[in-house]
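Q: First the structure, which I've put down as structure tokens, then a few questions once you've had a look.
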Amino acid sequence: MLHLFKKRGNSSAPLLSARGKRLKMPVSDLALSLEYRGVSVTDPDYWYWCVSPIYDAQGRVHLFCSRWPVSKQGMGLWFTQSEIAHFVGETPEGPFTYAETVLCNDNLADQSWQRSPHNPQIYQFGDTYALLYIVQDTRVKKGGMKTGLMVSKSLNGPWTFAGSDGIVVQESEDKNHWTYHSCTGAENPAMAKIGDTYYIFFKAGRGQNGKMHYGYATSKHIAGPYRLCDAPRMDNISYVEDACCFQQDGRTYLLTTDNFGKNTGIFGAGILWEMKDGVFHRADAKIGFGVLSDYTAIPSGATFYENERSGKLERPGVLMRNGRPEYFYGCTRTDVLGGGKSQCYVFRIVSGKL
């Protein structure tokens with residue numbers, strides 16, 4: 001295990017992945033305080049990707065994960081065969097035991113056009129749990145993913161779909177709206193409650209790179225209906241995705257990936273965005289996390305799917321405890337176990353600072 005790196009002078013770029021690169025934003029304390037603890041959830045029969053963590057009242061940790069069967073198609077099956085599985089562990093580092101499959105192709109709200117539930121995000125608001133997810137819209141030839149929501153009084157269910165079909169956010173039918181004909185639909189959701197208003201953050205845009213931004217939809221009621229914002233609310237200059245949301249000291253944050261490194265200067269790093277006056281500005285953003293090799297030595301027997309060796313951590317998840325981030329979860333195509341699959345990793349957050 002690699003130990004934490006120290007800041008060097010007034011520079012905030014001590015991550016190994018930052019060496020020799022011109023950083024475009026400072027490195028957060030969060031990125032510098034991740035301590036690698038190992039693989040979170042894995043088994044030989046499934047690819048695992050998204051992981052969203054939460055504590056229950058008894059102090060157990062629940063993970064809601066997306067997964068699909070191992071096959072020669074590798075990552076490709078997430079478009080058609082993804083499901084959302086629920087795991088429970090006594091500690092944030094596991095081991096985790098399979099509890100149930102919460103959502104799959106067989107129990108979607110509208111099975112005539114919804115497929116492959118994916119990208120789970122779990123949140124608690126008072127005595128209600130909210131489970132966000134996305135589905136593929138088979139009526140659309142390309143893109144068209146939509147954001148769904150289920151609610152429950154218990155992490156063990158039963159879960160109730162919002163509205164008639166579970167869909168709470170989708171692209172606008174108004175040709176003048178920024179989400180109209182979004183090339184991926186309205187997806188990669190995250191959620192927060194600010195004051196008396198529920199926010200669902202989502203990604204949309206008419207082109208992937210340079211035109212894809214985060215915005216939000218709002219409602220006074222958790223199950224909606226939700227109203228789309230009239231313009232993007234993030235000024236990223238290149239593609240970002242995979243938002244998770246957390247709140248600390250009255251402030252609202254998103255963690256996203258920076259897939260191509262053009263926002264941060266590090267290919268595959270994460271971005272910590274702070275919401276100010278309803279907008280996420282690059283000027284206020286910091287590098288939120290590095291890549292896998294910033295936190296652990298990659299063993300010689302590791303495998304890399306499609307030769308993707310960056311160790312880019314995608315689908316970030318933050319486990320909160322007493323109003324502070326305690327653990328970070330991320331997925332990558334780098335498999336330290338040598339199984340040739342994606343793996344989901346867990347990191348302890350040593351510092352409570354951001």
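Just remember, in the structure tokens the first chain shown is A, the second B, etc., residues are 1-based per chain, and ligands are 1-based in the order shown.
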Pick out the residues sitting within 10 Å of Phe64 (chain A), and hand them over as JSON, numbers by chain; count only C-alpha atoms, and ignore anything fewer than 5 positions along from it in its own chain.

A: {"A": [50, 51, 52, 53, 54, 84, 85, 86, 87, 88, 100, 101, 102, 119, 120, 121, 122, 131, 155]}

Q: List the neighbours of region 293-305 of chain A out to 6 Å using only C-alpha atoms; skip same-chain residues closer than 2 positions along the sequence, and give me the result as a PyMOL selection string.

A: chain A and resi 1-2+16+36+291+307-309+333-336+338+340

Q: For N, CA, C and O atoms, I'd like the residues from the last selection saved as a compact mmCIF listing (two decimals), in the first residue's frame.

A:
```
# COMPACT_ATOMS: atom_id res chain seq x y z
N MET A 1 0.84 -1.20 0.00
CA MET A 1 0.00 0.00 0.00
C MET A 1 0.88 1.24 0.00
O MET A 1 1.86 1.33 0.73
N LEU A 2 0.53 2.21 -0.82
CA LEU A 2 1.25 3.47 -0.81
C LEU A 2 0.68 4.36 0.28
O LEU A 2 -0.52 4.40 0.51
N LEU A 16 1.04 10.93 -7.86
CA LEU A 16 1.94 10.36 -8.86
C LEU A 16 1.46 10.62 -10.27
O LEU A 16 2.24 10.89 -11.18
N TYR A 36 -6.01 3.26 0.27
CA TYR A 36 -6.51 2.06 -0.39
C TYR A 36 -6.72 0.92 0.61
O TYR A 36 -5.85 0.60 1.40
N VAL A 291 -6.02 8.41 -9.70
CA VAL A 291 -6.25 7.11 -10.33
C VAL A 291 -5.76 6.03 -9.37
O VAL A 291 -5.11 6.31 -8.36
N ASN A 307 -6.81 -3.25 -22.64
CA ASN A 307 -5.52 -2.58 -22.46
C ASN A 307 -5.67 -1.18 -21.87
O ASN A 307 -4.81 -0.31 -22.07
N GLU A 308 -6.75 -0.95 -21.14
CA GLU A 308 -6.95 0.33 -20.45
C GLU A 308 -6.14 0.31 -19.16
O GLU A 308 -6.53 -0.27 -18.16
N ARG A 309 -4.96 0.95 -19.19
CA ARG A 309 -4.01 0.86 -18.09
C ARG A 309 -3.95 2.11 -17.22
O ARG A 309 -3.07 2.24 -16.37
N ARG A 333 -11.42 -0.66 -14.71
CA ARG A 333 -11.18 -1.85 -15.53
C ARG A 333 -9.85 -2.51 -15.19
O ARG A 333 -9.50 -3.53 -15.76
N THR A 334 -9.10 -1.91 -14.30
CA THR A 334 -7.87 -2.54 -13.80
C THR A 334 -8.24 -3.52 -12.70
O THR A 334 -8.82 -3.13 -11.69
N ASP A 335 -7.91 -4.77 -12.90
CA ASP A 335 -8.28 -5.83 -11.96
C ASP A 335 -7.03 -6.33 -11.24
O ASP A 335 -6.24 -7.09 -11.79
N VAL A 336 -6.84 -5.89 -9.99
CA VAL A 336 -5.65 -6.30 -9.23
C VAL A 336 -5.70 -7.78 -8.89
O VAL A 336 -4.67 -8.37 -8.52
N GLY A 338 -6.46 -10.03 -11.09
CA GLY A 338 -6.03 -10.75 -12.28
C GLY A 338 -7.12 -11.52 -12.99
O GLY A 338 -6.83 -12.41 -13.80
N GLY A 340 -9.39 -10.32 -15.15
CA GLY A 340 -9.77 -9.80 -16.45
C GLY A 340 -11.10 -9.07 -16.47
O GLY A 340 -11.68 -8.87 -17.54
```

Q: Considering only C-alpha atoms, can you say which of A:Val27, A:Val151, A:Met75, A:Val61 comes closest to Ala285 (chain A)?

A: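 Result for the nearest residue to Ala285 (chain A): A:Val27.
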
Q: Do you know which residues are at most 12 Å from Gly59 (chain A) counting only C-alpha atoms, after dropping those on the same chain fewer than 5 positions away, and could you put them as a list in words?

A: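 The residues that qualify are Ile54, Val88, Gly89, Glu90, Thr91, Pro92, Leu319, Met320, Arg321 and Asn322 of chain A.
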
Q: Go through A:Cys331, A:Ile200, A:Met212, A:Ile237 and flag the residue nearest Leu313 (chain A), using only C-alpha atoms for the distances.

A: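 Going through A:Cys331, A:Ile200, A:Met212, A:Ile237 one by one, the smallest distance to Leu313 (chain A) is for A:Cys331.
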
Q: Can you tell me which residues surround Arg206 (chain A) at a distance of at most 8 Å, considering only C-alpha atoms, apart from same-chain residues fewer than 2 positions away, and format the answer as a ChimeraX atom specification?

A: /A:178-183,204,208,211-212

Q: I want to know what sits within 12 Å of Met25 (chain A), based on only C-alpha atoms, with residues of the same chain fewer than 6 positions away left out; could you give that as a PyMOL selection string?

A: chain A and resi 11-13+18+258+261-266+269-273+281-288

Q: With N, CA, C and O atoms retained, export the selected residues as a compact mmCIF listing (two decimals), in the first residue's frame.

A:
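Result file selection04.txt:
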```
# COMPACT_ATOMS: atom_id res chain seq x y z
N SER A 11 2.56 24.16 -4.02
CA SER A 11 1.94 23.37 -5.08
C SER A 11 0.98 22.38 -4.47
O SER A 11 1.16 21.91 -3.37
N SER A 12 -0.09 22.09 -5.19
CA SER A 12 -1.06 21.11 -4.70
C SER A 12 -1.16 19.96 -5.68
O SER A 12 -2.23 19.46 -5.97
N ALA A 13 -0.01 19.52 -6.25
CA ALA A 13 0.00 18.46 -7.25
C ALA A 13 0.97 17.34 -6.88
O ALA A 13 1.89 17.04 -7.63
N ALA A 18 0.07 13.10 -11.39
CA ALA A 18 0.20 14.51 -11.75
C ALA A 18 1.62 14.88 -12.15
O ALA A 18 1.85 15.97 -12.68
N ASP A 258 -13.21 12.96 -14.71
CA ASP A 258 -12.72 13.82 -15.80
C ASP A 258 -12.11 12.87 -16.82
O ASP A 258 -10.90 12.68 -16.88
N GLY A 261 -9.23 14.08 -19.01
CA GLY A 261 -8.22 14.87 -18.33
C GLY A 261 -8.12 16.32 -18.74
O GLY A 261 -7.25 17.05 -18.27
N LYS A 262 -9.02 16.78 -19.59
CA LYS A 262 -8.89 18.15 -20.10
C LYS A 262 -9.39 19.21 -19.13
O LYS A 262 -9.06 20.38 -19.27
N ASN A 263 -10.20 18.80 -18.15
CA ASN A 263 -10.64 19.76 -17.12
C ASN A 263 -9.60 19.89 -16.01
O ASN A 263 -9.40 20.97 -15.47
N THR A 264 -8.94 18.78 -15.67
CA THR A 264 -8.03 18.75 -14.53
C THR A 264 -6.56 18.77 -14.92
O THR A 264 -5.72 19.26 -14.15
N GLY A 265 -6.25 18.18 -16.06
CA GLY A 265 -4.86 17.98 -16.44
C GLY A 265 -4.37 16.57 -16.22
O GLY A 265 -3.25 16.23 -16.58
N ILE A 266 -5.20 15.71 -15.59
CA ILE A 266 -4.84 14.31 -15.34
C ILE A 266 -5.89 13.42 -15.99
O ILE A 266 -7.07 13.47 -15.63
N ALA A 269 -8.74 11.49 -13.80
CA ALA A 269 -8.88 11.96 -12.42
C ALA A 269 -10.34 12.32 -12.14
O ALA A 269 -11.19 12.35 -13.04
N GLY A 270 -10.64 12.60 -10.88
CA GLY A 270 -11.97 13.04 -10.51
C GLY A 270 -11.99 14.52 -10.20
O GLY A 270 -10.96 15.14 -9.93
N ILE A 271 -13.19 15.09 -10.24
CA ILE A 271 -13.36 16.52 -9.94
C ILE A 271 -14.32 16.68 -8.78
O ILE A 271 -15.39 16.05 -8.75
N LEU A 272 -13.94 17.49 -7.82
CA LEU A 272 -14.80 17.87 -6.71
C LEU A 272 -15.39 19.24 -7.03
O LEU A 272 -14.67 20.24 -7.07
N TRP A 273 -16.69 19.28 -7.27
CA TRP A 273 -17.40 20.51 -7.61
C TRP A 273 -18.19 21.00 -6.41
O TRP A 273 -18.88 20.21 -5.77
N HIS A 281 -18.96 25.79 -10.85
CA HIS A 281 -17.97 26.50 -11.66
C HIS A 281 -16.61 25.81 -11.59
O HIS A 281 -16.16 25.41 -10.52
N ARG A 282 -15.93 25.73 -12.73
CA ARG A 282 -14.57 25.20 -12.74
C ARG A 282 -13.64 26.01 -11.86
O ARG A 282 -12.69 25.48 -11.27
N ALA A 283 -13.89 27.30 -11.75
CA ALA A 283 -13.02 28.16 -10.94
C ALA A 283 -13.04 27.77 -9.47
O ALA A 283 -12.08 28.05 -8.73
N ASP A 284 -14.12 27.11 -9.04
CA ASP A 284 -14.24 26.69 -7.65
C ASP A 284 -13.91 25.21 -7.46
O ASP A 284 -13.95 24.71 -6.33
N ALA A 285 -13.64 24.50 -8.56
CA ALA A 285 -13.47 23.05 -8.50
C ALA A 285 -12.04 22.67 -8.13
O ALA A 285 -11.10 23.44 -8.31
N LYS A 286 -11.90 21.44 -7.63
CA LYS A 286 -10.60 20.87 -7.30
C LYS A 286 -10.54 19.43 -7.81
O LYS A 286 -11.57 18.81 -8.09
N ILE A 287 -9.33 18.93 -7.95
CA ILE A 287 -9.17 17.52 -8.27
C ILE A 287 -9.66 16.72 -7.07
O ILE A 287 -9.15 16.87 -5.96
N GLY A 288 -10.67 15.87 -7.29
CA GLY A 288 -11.34 15.19 -6.18
C GLY A 288 -10.75 13.84 -5.83
O GLY A 288 -10.84 13.38 -4.69
```

Q: Please identify all polymer residues within 12 Å of region 172-174 of chain A, counting only C-alpha atoms, omitting same-chain residues fewer than 6 positions from it, and present them as a PDB file with C-alpha atoms, in the first residue's frame.

A:
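Output file around.pdb is given in full below:
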```
ATOM      1  CA  GLY A 144     -32.169   8.216 -24.826  1.00  0.00           C
ATOM      2  CA  LYS A 146     -33.658   8.127 -18.662  1.00  0.00           C
ATOM      3  CA  TYR A 180     -33.551  18.318 -26.532  1.00  0.00           C
ATOM      4  CA  HIS A 181     -32.103  15.436 -28.583  1.00  0.00           C
ATOM      5  CA  SER A 182     -29.433  14.866 -25.941  1.00  0.00           C
ATOM      6  CA  GLY A 185     -30.610  11.229 -22.811  1.00  0.00           C
ATOM      7  CA  ALA A 186     -30.736  12.445 -19.200  1.00  0.00           C
ATOM      8  CA  ALA A 204     -27.227  15.822 -20.915  1.00  0.00           C
ATOM      9  CA  GLY A 205     -26.109  17.485 -24.128  1.00  0.00           C
ATOM     10  CA  ARG A 206     -26.320  17.271 -27.903  1.00  0.00           C
ATOM     11  CA  ALA A 217     -34.384  18.991 -12.099  1.00  0.00           C
ATOM     12  CA  TYR A 226     -39.514  17.285 -11.416  1.00  0.00           C
ATOM     13  CA  ARG A 227     -38.937  20.405 -13.475  1.00  0.00           C
ATOM     14  CA  LEU A 228     -35.847  20.706 -15.672  1.00  0.00           C
ATOM     15  CA  CYS A 229     -33.568  23.716 -15.285  1.00  0.00           C
ATOM     16  CA  ASP A 230     -33.524  25.964 -18.338  1.00  0.00           C
ATOM     17  CA  ALA A 231     -29.753  25.803 -18.984  1.00  0.00           C
TER      18      ALA A 231
END
```

Q: Report as a short mmCIF file (atom, residue, chain, number, x, y, z; two decimals) with all heavy atoms, in the first residue's frame: the residues of region 41-141 of chain A with a DSSP assignment of helix (DSSP H, G or I), based on the backbone of this structure.

A:
```cif
data_model
loop_
_atom_site.label_atom_id
_atom_site.label_comp_id
_atom_site.auth_asym_id
_atom_site.auth_seq_id
_atom_site.Cartn_x
_atom_site.Cartn_y
_atom_site.Cartn_z
N GLY A 74 -17.88 -8.90 -22.33
CA GLY A 74 -17.22 -8.04 -21.37
C GLY A 74 -18.09 -6.91 -20.87
O GLY A 74 -19.22 -7.12 -20.41
N MET A 75 -17.60 -5.67 -21.01
CA MET A 75 -18.34 -4.50 -20.54
C MET A 75 -19.63 -4.29 -21.33
O MET A 75 -20.56 -3.65 -20.85
CB MET A 75 -17.48 -3.25 -20.67
CG MET A 75 -16.32 -3.15 -19.71
SD MET A 75 -16.80 -2.78 -18.01
CE MET A 75 -17.44 -1.12 -18.15
N GLY A 76 -19.68 -4.81 -22.55
CA GLY A 76 -20.78 -4.49 -23.45
C GLY A 76 -22.16 -4.85 -22.95
O GLY A 76 -23.15 -4.22 -23.34
N LEU A 77 -22.27 -5.82 -22.07
CA LEU A 77 -23.59 -6.26 -21.61
C LEU A 77 -24.28 -5.27 -20.68
O LEU A 77 -25.46 -5.45 -20.38
CB LEU A 77 -23.48 -7.62 -20.90
CG LEU A 77 -23.48 -8.87 -21.78
CD1 LEU A 77 -23.52 -10.12 -20.91
CD2 LEU A 77 -24.66 -8.87 -22.74
N TRP A 78 -23.57 -4.23 -20.25
CA TRP A 78 -24.24 -3.28 -19.37
C TRP A 78 -25.39 -2.57 -20.09
O TRP A 78 -26.36 -2.14 -19.45
CB TRP A 78 -23.25 -2.26 -18.80
CG TRP A 78 -22.93 -1.07 -19.66
CD1 TRP A 78 -21.88 -0.94 -20.51
CD2 TRP A 78 -23.64 0.18 -19.73
NE1 TRP A 78 -21.89 0.29 -21.12
CE2 TRP A 78 -22.96 1.00 -20.65
CE3 TRP A 78 -24.78 0.67 -19.11
CZ2 TRP A 78 -23.38 2.29 -20.97
CZ3 TRP A 78 -25.21 1.96 -19.42
CH2 TRP A 78 -24.51 2.75 -20.34
N PHE A 79 -25.35 -2.52 -21.41
CA PHE A 79 -26.42 -1.88 -22.18
C PHE A 79 -27.71 -2.70 -22.16
O PHE A 79 -28.79 -2.14 -22.32
CB PHE A 79 -25.99 -1.71 -23.64
CG PHE A 79 -25.05 -0.57 -23.87
CD1 PHE A 79 -23.69 -0.82 -24.05
CD2 PHE A 79 -25.49 0.73 -23.92
CE1 PHE A 79 -22.81 0.22 -24.28
CE2 PHE A 79 -24.62 1.78 -24.14
CZ PHE A 79 -23.27 1.52 -24.32
#
```

Q: Which residue gives the smallest distance to Leu23 (chain A) among A:Pro225, A:Asn209, A:Phe267, A:Gly317, with only C-alpha atoms counted?

A: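 Smallest distance to Leu23 (chain A) is found for A:Phe267.
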
Q: Could you give me, as a list in words, the residues within 7 Å of Cys245 (chain A), counting only C-alpha atoms and dropping anything in the same chain fewer than 5 positions from it?

A: Ala190, Met191, Ala192, Tyr253, Leu254 and Leu255 of chain A

Q: Smallest atom-to-atom distance to Tyr48 (chain A): which of A:Glu187, A:Glu314, A:Glu171, A:Asp249, using only C-alpha atoms?

A: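 Smallest distance to Tyr48 (chain A) is found for A:Glu314.
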